[in-house]
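Asks: Here's a structure for you.
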Amino acid sequence: MLSCKNLTVRVDGSAEPILSDATLSFKPHAMNAVIGPSGCGKTTLLKAMMRLVEREGKSYFCGEEILSSESLSGRVGYAPQFTCAHPKLTVLEAIEGALKIGERDLSKISTRAKKILKIIGLEAHSEKFIESLSGGQLRRIGLGLELAADPPAMFCDEVTSGLDPLSENAILDMLKKFCGDGGKTVICIIHNLAKLEYFDLVTVVYEGHVVFQGSPKELNRHFEIDSPLNLYDALNAKGVKYWLEKRPPLEDFCADCDPKSLPSRPPRPSAASQIFTLLMRRFKLFFRDSGYLLLTMAITFGFPIVVVIFAFGGLPQIRGLALERSLGGVEELRETLRFSIEAAQTSTLVTGLILFQVVLLTLMGSNNSAREIAAERNLYEKERLLGLRPWAYAFSKIIFTSIIALFQGVWMCWFVKFICDFPGSFLVQAAVLSGVCISMTLVCLAFSALFSSPDKANIVSIYLVGFQLPLSGIVLALPECLKWICRPLINSYWGWAGFMTSMKDTRLYDAFVQTSPSYEWIAKPSIALFALAVQGIIGIAFVLKGCYQKKWN
Ligand SMILES: Nc1ncnc2c1ncn2[C@@H]1O[C@H](COP(=O)(O)OP(=O)(O)OP(=O)(O)O)[C@@H](O)[C@H]1O
C-alpha cells in the first residue's frame, strides 16, 4: 500500500544526507515495525514518505505517486512522537474537534466520537483534560485523533515509548486489532525490541540507510543473533557498509497495487465550517487558559490606565485647548495669550500621550499573536492531514486575533478620551487606534506563521515594537534622509498621525503646529488608515504564506 523509491533527505548545509536512497514497501493490512538506534532516521523516513519534509525520490500510496501530503488526508494517518492535542481540551472535545475538521456530516460526529473513545479505551476519561492524562492515555488519544479520519494506513511514531509493559502490550494489541478486524496497514516506529513478535514485517534503519526488511524470525537469522535485543550490538560491530552489502533483496509488497483501488477521499466540511470550528475552539481555549487570559486582561485594561496617569498633570490645559477656534473680541485676545503660554507644554504632552497610546497598542498587538501559530505548529500540521485547509486555519487566526485587537483599540480610545477629553470624532480616533493594534497583530501573526519557534517569533515581534518609538521620528528626530524610508513601515507613525489630524479643527492641533520646530505634512486619518490597512494586508499575505509552508517542529 505504501512504498518509496530512492528517498533521500538532506538537512540545509550538511553534505551527508540524514536519509539515503531509501527504497522499500510496507506490507498491506499488516503490522510493520520500523526499528533502529536513536537518531538513525526512522522519523525522517516516515515524514519523507508522507512528503512532510523536503526530499529527493518518490513515494507511492496504492501505486499512485504522493505529490503532496494533502493528498493523503483521509488515507494515511500520522500519530507523531509527541501528542498533538491542546492540553486545555477534554478528551471528548479533542476527538470531536478532529472529527469536525475532517467530517462533513455533523450528525455523525457524536456517534463516531463515542466509537473512537471505546476503541482507544478512554470512555471513562472522556471529560478529563488532556493535560491531566497519563503517558499511556496520551498515546491512546494520539491514536484516537489519528482514527478521526478512519484512514486505511496509519503511521505511528513511538506510540509505546516510555510505557510500562502492560500499557505497551495494550496499545500493541489495539494496533493489531486495527490490522486484523479493521484491515488497516499499521507502520509503527518502536524502540522496544522485545515486542517485535507483534509485527509481521520489520524494517531496520541504520545511519540513514534501510539495511534490512523481513519477518522477526528472518531478522535473527540475518543478523546472526539469538534475540532481537542484540541487534544494535550486531549493527555496530560490523558497520553500515557491511550491512548494506549484505542486505537481502527487498520484497515489493506493492507490485500489484492498483491506483484504481485507491480509497476515495471522504468529502471535507466547507472552509466556512472549518473556520467556525477553529474559532469556537480558540475562544474556548482563550477563556480556559487563565494565565494568558489574565495577561491579556491586564494589558487591555491596565495600559489605558497607565496612559491617563501620565496625562493627569496636564489635564486642565488639554481641556482648555480642546476648544474649537470660534471665540471673538477681547475674549479671543485673552485666549490667545493663554494659548501661547500653555501651547508649548500642552502640545508636547498631547503628542507624547498619543504616541504612548499607539506604542502600547503595538505592544498589545505583539502579545496577541506572536506565539499564536508557532506555539501550536505541530497540532496544525497534524490537522492538515485530517483535511484542514491552510487558508481556513489562517483566517481563523486572523479573525480571532483581530477581534481582540479591535476591542483593545476601541477600549483604549474610549477610556483615554473619556478621562483626557481629547477633542475630535470618537469614531475616527477609535478606527485609527484599532487599525494600529490590528495591523501590528497581523504583522506579528505573520512572524508566528513564518517561524517554527514561538520564542523566535516573539523576540522578532518585541524588537519590532521596540523600534516603533525611535523610527517613527516623532519624539526623537530621525535624519531627514531616513524619515520617509522608515515611516511607511512604522505602524505607530501612522496611528499617531491619524489621531493628531483627527483633532485638526481644535486649538490642540494649533498648539502642536505652533510649537513644532518645522511644520511638516502629517497624514490625515483616511491616509493613515490606508497605510495601516496596507500593512495589515501584507501581514495577512505572509500569514497565508507561512501557513502553506510545512513545518514540523
Ligand atoms: N530538521 C532537522 N534539522 C537538522 N537535523 C535533523 C532535522 N531533523 C532530523 N535531523 C537529524 O536527523 C537524524 C535523524 O533524525 P530522526 O528524527 O529521523 O531520527 P530517529 O531515528 O527517528 O530518532 P529517535 O529514535 O531518537 O526518535 C538525527 O541525527 C537528527 O538530529
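Residue numbering restarts at 1 in every chain; chains get A, B, ... in the order shown in the C-alpha cells, and ligands count up from 1 in that same order.
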Return as a PyMOL selection string every polymer residue, whether protein, DNA or RNA, with at least one atom no more than 7 Å from an atom of ligand 1; count only C-alpha atoms and all ligand atoms.
Replies: chain A and resi 11+18+36-45
Asks: Could you save those same residues with C-alpha atoms as an mmCIF file, in the first residue's frame?
Replies:
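Generated output (again.cif):
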```
data_model
loop_
_atom_site.group_PDB
_atom_site.id
_atom_site.type_symbol
_atom_site.label_atom_id
_atom_site.label_comp_id
_atom_site.auth_asym_id
_atom_site.auth_seq_id
_atom_site.Cartn_x
_atom_site.Cartn_y
_atom_site.Cartn_z
ATOM 1 C CA VAL A 11 19.459 18.998 6.018
ATOM 2 C CA ILE A 18 20.074 12.068 7.089
ATOM 3 C CA GLY A 36 16.923 1.339 14.558
ATOM 4 C CA PRO A 37 19.134 3.154 17.063
ATOM 5 C CA SER A 38 18.147 6.635 18.183
ATOM 6 C CA GLY A 39 18.814 9.295 15.542
ATOM 7 C CA CYS A 40 19.229 6.800 12.658
ATOM 8 C CA GLY A 41 16.445 8.389 10.551
ATOM 9 C CA LYS A 42 13.250 6.455 11.327
ATOM 10 C CA THR A 43 11.023 9.511 11.784
ATOM 11 C CA THR A 44 12.671 11.153 8.781
ATOM 12 C CA LEU A 45 11.802 8.095 6.666
#
```
Asks: Can you tell me which residues surround region 201-208 of chain A at a distance of at most 9 Å, considering only C-alpha atoms, apart from same-chain residues fewer than 6 positions away, and format the answer as a ChimeraX atom specification?
Replies: /A:8,17-22,24,26-27,30-37,39-42,44-45,214-216,219,235,240,243
Asks: Pick the closest to Glu103 (chain A) from A:Tyr242, A:Ala375, A:Leu386, A:Tyr493: which is it, counting only C-alpha atoms?
Replies: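 Between A:Tyr242, A:Ala375, A:Leu386, A:Tyr493, the residue approaching Glu103 (chain A) most closely is A:Leu386.
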Asks: Check the DSSP output for the backbone and give back, as a PyMOL selection string, the residues of region 126-325 of chain A in helix (DSSP H, G or I).
Replies: chain A and resi 130-132+135-147+165-180+193-198+216-222+228-245+259-261+271-288+290-321
Asks: Report as a list in words all protein, DNA and RNA residues lying within 8 Å of Gly162 (chain A), evaluated on only C-alpha atoms, omitting residues in the same chain fewer than 2 positions from it.
Replies: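 Residues meeting the cut-off are Gly135, Thr160 and Asp164 of chain A.
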Asks: Any chance you could tabulate, as a tab-separated table, the residues of region 381-425 of chain A at most 12 Å from region 449-458 of chain A with each one's nearest atom pair and distance in Å to one decimal, using only C-alpha atoms, in chain and rising number order?
Replies:
```
residue	atom	partner	partner_atom	distance
A:Glu381	CA	A:Ser452	CA	11.4
A:Pro390	CA	A:Ala449	CA	10.9
A:Trp391	CA	A:Ala449	CA	11.8
A:Tyr393	CA	A:Ala449	CA	10.8
A:Ala394	CA	A:Ala449	CA	8.6
A:Phe395	CA	A:Ala449	CA	11.9
A:Lys397	CA	A:Ala449	CA	10.1
A:Ile398	CA	A:Ala449	CA	11.1
```
Asks: What would the file look like if the residues just selected were written as a CSV table (one decimal), in the first residue's frame with N, CA and C atoms?
Replies:
```
chain,number,residue,atom,x,y,z
A,381,GLU,N,-0.1,21.1,11.8
A,381,GLU,CA,0.3,20.3,10.7
A,381,GLU,C,-0.4,18.9,10.7
A,390,PRO,N,-5.2,25.1,4.7
A,390,PRO,CA,-4.3,26.1,5.3
A,390,PRO,C,-5.0,27.5,5.4
A,391,TRP,N,-5.7,27.9,4.4
A,391,TRP,CA,-6.3,29.2,4.4
A,391,TRP,C,-7.4,29.3,5.4
A,393,TYR,N,-7.4,27.7,8.3
A,393,TYR,CA,-6.7,27.9,9.5
A,393,TYR,C,-6.2,29.3,9.7
A,394,ALA,N,-5.6,29.8,8.6
A,394,ALA,CA,-5.0,31.2,8.7
A,394,ALA,C,-6.1,32.2,9.0
A,395,PHE,N,-7.3,32.0,8.4
A,395,PHE,CA,-8.3,33.0,8.6
A,395,PHE,C,-8.9,32.9,10.0
A,397,LYS,N,-7.3,32.3,12.6
A,397,LYS,CA,-6.3,33.0,13.5
A,397,LYS,C,-6.4,34.5,13.2
A,398,ILE,N,-6.6,34.9,12.0
A,398,ILE,CA,-6.7,36.3,11.6
A,398,ILE,C,-7.9,36.9,12.3
```
Asks: Can you measure CA of Trp494 (chain A) to CA of Leu529 (chain A) for me? One decimal in Å is fine.
Replies: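 That distance, rounded to one decimal, is 7.5 Å.
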Asks: In terms of the shortest atom-to-atom distance over only C-alpha atoms, which of A:Pro525, A:Gly63, A:Pro269, A:Gly546 is closest to Cys254 (chain A)?
Replies: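 Ranked by minimum distance to Cys254 (chain A), first place goes to A:Gly63.
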Asks: For Cys444 (chain A), list every protein, DNA or RNA residue within 7 Å, evaluated using only C-alpha atoms, and leave out those in the same chain fewer than 2 positions away; present the list as an mmCIF file with C-alpha atoms, in the first residue's frame.
Replies:
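out-v4.cif written:
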```cif
data_model
loop_
_atom_site.group_PDB
_atom_site.id
_atom_site.type_symbol
_atom_site.label_atom_id
_atom_site.label_comp_id
_atom_site.auth_asym_id
_atom_site.auth_seq_id
_atom_site.Cartn_x
_atom_site.Cartn_y
_atom_site.Cartn_z
ATOM 1 C CA SER A 366 2.546 41.581 19.512
ATOM 2 C CA SER A 369 -0.328 36.985 18.042
ATOM 3 C CA ALA A 370 3.437 36.425 18.201
ATOM 4 C CA MET A 440 0.532 45.101 14.320
ATOM 5 C CA THR A 441 -1.349 41.968 15.408
ATOM 6 C CA LEU A 442 -1.433 40.755 11.798
ATOM 7 C CA ALA A 446 2.865 36.587 10.122
ATOM 8 C CA PHE A 447 6.068 36.119 12.169
ATOM 9 C CA SER A 448 4.271 33.403 14.077
ATOM 10 C CA SER A 461 7.860 40.923 17.370
#
```
Asks: To test your reading of the structure, identify every residue in region 33-84 of chain A that backbone DSSP assigns to strand (DSSP E), and report it as a list in words.
Replies: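 Here are the strand (DSSP E) residues of region 33-84 of chain A: Ala33, Val34, Ile35, Glu56, Gly57, Lys58, Ser59, Tyr60, Phe61, Glu64, Glu65, Val76, Gly77, Tyr78 and Ala79 of chain A.
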Asks: Tell me which protein, DNA and RNA residues are within 10 Å of Lys176 (chain A), counting only C-alpha atoms, leaving out same-chain ones fewer than 5 positions away, and put them as a PDB file with N, CA and C atoms, in the first residue's frame.
Replies:
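So around-v6.pdb came out as:
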```pdb
ATOM      1  N   HIS A  29      -2.209  -4.256   5.142  1.00  0.00           N
ATOM      2  CA  HIS A  29      -3.112  -4.882   6.125  1.00  0.00           C
ATOM      3  C   HIS A  29      -2.326  -5.696   7.158  1.00  0.00           C
ATOM      4  N   ALA A  30      -1.177  -5.201   7.530  1.00  0.00           N
ATOM      5  CA  ALA A  30      -0.325  -5.955   8.456  1.00  0.00           C
ATOM      6  C   ALA A  30       0.364  -4.988   9.405  1.00  0.00           C
ATOM      7  N   MET A  31       1.031  -5.563  10.425  1.00  0.00           N
ATOM      8  CA  MET A  31       1.783  -4.758  11.394  1.00  0.00           C
ATOM      9  C   MET A  31       3.220  -4.622  10.886  1.00  0.00           C
ATOM     10  N   ALA A 170      -1.059  -3.376  25.743  1.00  0.00           N
ATOM     11  CA  ALA A 170      -2.450  -2.999  25.451  1.00  0.00           C
ATOM     12  C   ALA A 170      -2.506  -2.184  24.159  1.00  0.00           C
ATOM     13  N   ILE A 171      -1.550  -1.276  23.973  1.00  0.00           N
ATOM     14  CA  ILE A 171      -1.571  -0.452  22.746  1.00  0.00           C
ATOM     15  C   ILE A 171      -1.224  -1.293  21.524  1.00  0.00           C
ATOM     16  N   ASP A 181      -9.133  -6.873  12.412  1.00  0.00           N
ATOM     17  CA  ASP A 181     -10.570  -6.596  12.171  1.00  0.00           C
ATOM     18  C   ASP A 181     -10.759  -5.428  11.211  1.00  0.00           C
ATOM     19  N   GLY A 182      -9.895  -4.418  11.357  1.00  0.00           N
ATOM     20  CA  GLY A 182     -10.119  -3.190  10.585  1.00  0.00           C
ATOM     21  C   GLY A 182      -9.480  -3.209   9.211  1.00  0.00           C
ATOM     22  N   GLY A 183      -8.617  -4.182   8.937  1.00  0.00           N
ATOM     23  CA  GLY A 183      -7.961  -4.260   7.622  1.00  0.00           C
ATOM     24  C   GLY A 183      -7.006  -3.107   7.361  1.00  0.00           C
ATOM     25  N   LYS A 184      -6.544  -2.442   8.427  1.00  0.00           N
ATOM     26  CA  LYS A 184      -5.666  -1.295   8.211  1.00  0.00           C
ATOM     27  C   LYS A 184      -4.209  -1.744   8.066  1.00  0.00           C
ATOM     28  N   THR A 185      -3.399  -0.865   7.492  1.00  0.00           N
ATOM     29  CA  THR A 185      -1.954  -1.092   7.429  1.00  0.00           C
ATOM     30  C   THR A 185      -1.334  -0.228   8.522  1.00  0.00           C
ATOM     31  N   VAL A 186      -0.633  -0.859   9.463  1.00  0.00           N
ATOM     32  CA  VAL A 186      -0.037  -0.089  10.554  1.00  0.00           C
ATOM     33  C   VAL A 186       1.481  -0.089  10.398  1.00  0.00           C
ATOM     34  N   TYR A 198       4.994  -8.918  17.814  1.00  0.00           N
ATOM     35  CA  TYR A 198       3.693  -8.354  17.424  1.00  0.00           C
ATOM     36  C   TYR A 198       3.634  -8.022  15.930  1.00  0.00           C
ATOM     37  N   PHE A 199       4.806  -8.009  15.280  1.00  0.00           N
ATOM     38  CA  PHE A 199       4.867  -7.454  13.919  1.00  0.00           C
ATOM     39  C   PHE A 199       5.064  -8.521  12.851  1.00  0.00           C
TER      40      PHE A 199
END
```
Asks: Can you tell me, as a ChimeraX atom specification, what residues are no more than 9 Å from region 139-148 of chain A when counting only C-alpha atoms, ignoring any on the same chain fewer than 4 positions away?
Replies: /A:74,76-85,91,94-96,98-99,102-103,112-113,116-117,119-122,130,134-135,154-156,158-161,171,382,386
Asks: Write the residues of the preceding selection, restricted to C-alpha atoms, as an mmCIF file, in the first residue's frame.
Replies:
```cif
data_model
loop_
_atom_site.group_PDB
_atom_site.id
_atom_site.type_symbol
_atom_site.label_atom_id
_atom_site.label_comp_id
_atom_site.auth_asym_id
_atom_site.auth_seq_id
_atom_site.Cartn_x
_atom_site.Cartn_y
_atom_site.Cartn_z
ATOM 1 C CA GLY A 74 -8.293 10.629 4.976
ATOM 2 C CA VAL A 76 -2.905 7.967 5.815
ATOM 3 C CA GLY A 77 -3.000 8.899 9.490
ATOM 4 C CA TYR A 78 0.032 10.043 11.476
ATOM 5 C CA ALA A 79 0.435 9.856 15.240
ATOM 6 C CA PRO A 80 3.611 11.875 15.853
ATOM 7 C CA GLN A 81 6.115 11.176 18.606
ATOM 8 C CA PHE A 82 4.605 13.822 20.856
ATOM 9 C CA THR A 83 0.878 14.072 21.429
ATOM 10 C CA CYS A 84 -0.775 16.714 19.323
ATOM 11 C CA ALA A 85 -3.768 17.918 21.284
ATOM 12 C CA VAL A 91 -10.566 14.070 25.671
ATOM 13 C CA ALA A 94 -10.240 16.844 21.249
ATOM 14 C CA ILE A 95 -11.751 13.867 19.406
ATOM 15 C CA GLU A 96 -14.878 15.796 18.387
ATOM 16 C CA ALA A 98 -10.639 16.394 14.993
ATOM 17 C CA LEU A 99 -13.824 14.867 13.595
ATOM 18 C CA GLY A 102 -12.488 16.160 8.566
ATOM 19 C CA GLU A 103 -16.119 15.015 8.636
ATOM 20 C CA ARG A 112 -18.190 8.456 15.840
ATOM 21 C CA ALA A 113 -16.537 10.168 18.804
ATOM 22 C CA ILE A 116 -13.364 6.083 18.851
ATOM 23 C CA LEU A 117 -13.317 6.583 22.638
ATOM 24 C CA ILE A 119 -11.762 1.696 20.622
ATOM 25 C CA ILE A 120 -8.968 3.570 22.386
ATOM 26 C CA GLY A 121 -10.309 2.642 25.821
ATOM 27 C CA LEU A 122 -10.780 6.199 27.091
ATOM 28 C CA ILE A 130 -5.620 16.290 28.049
ATOM 29 C CA SER A 134 -1.083 9.706 31.977
ATOM 30 C CA GLY A 135 1.605 8.809 29.403
ATOM 31 C CA MET A 154 -1.573 4.547 9.954
ATOM 32 C CA PHE A 155 1.917 5.802 10.765
ATOM 33 C CA CYS A 156 2.641 5.645 14.499
ATOM 34 C CA GLU A 158 6.911 5.669 19.064
ATOM 35 C CA VAL A 159 3.368 5.399 20.389
ATOM 36 C CA THR A 160 4.506 2.923 23.039
ATOM 37 C CA SER A 161 7.744 4.566 24.186
ATOM 38 C CA ILE A 171 -1.571 -0.452 22.746
ATOM 39 C CA LYS A 382 -1.405 17.206 12.125
ATOM 40 C CA LEU A 386 -7.163 15.430 8.597
#
```
Asks: Between CA of Ser132 (chain A) and CA of Thr90 (chain A), measure the distance and give it in Å to one decimal.
Replies: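 Computing the Euclidean distance for CA of Ser132 (chain A) and CA of Thr90 (chain A) yields 9.3 Å.
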Asks: Determine, counting only C-alpha atoms, which protein, DNA and RNA residues have an atom within 12 Å of an atom of Arg268 (chain A); residues of the same chain fewer than 6 positions away are not included. Present the result as a list in words.
Replies: Glu70, Ser73, Gly74, Ala98, Leu99, Lys100, Ile101, Gly102, Glu103, Arg104, Asp105, Leu106, Ala149, Gln274, Arg384, Leu385, Leu386, Gly387, Leu388 and Arg389 of chain A
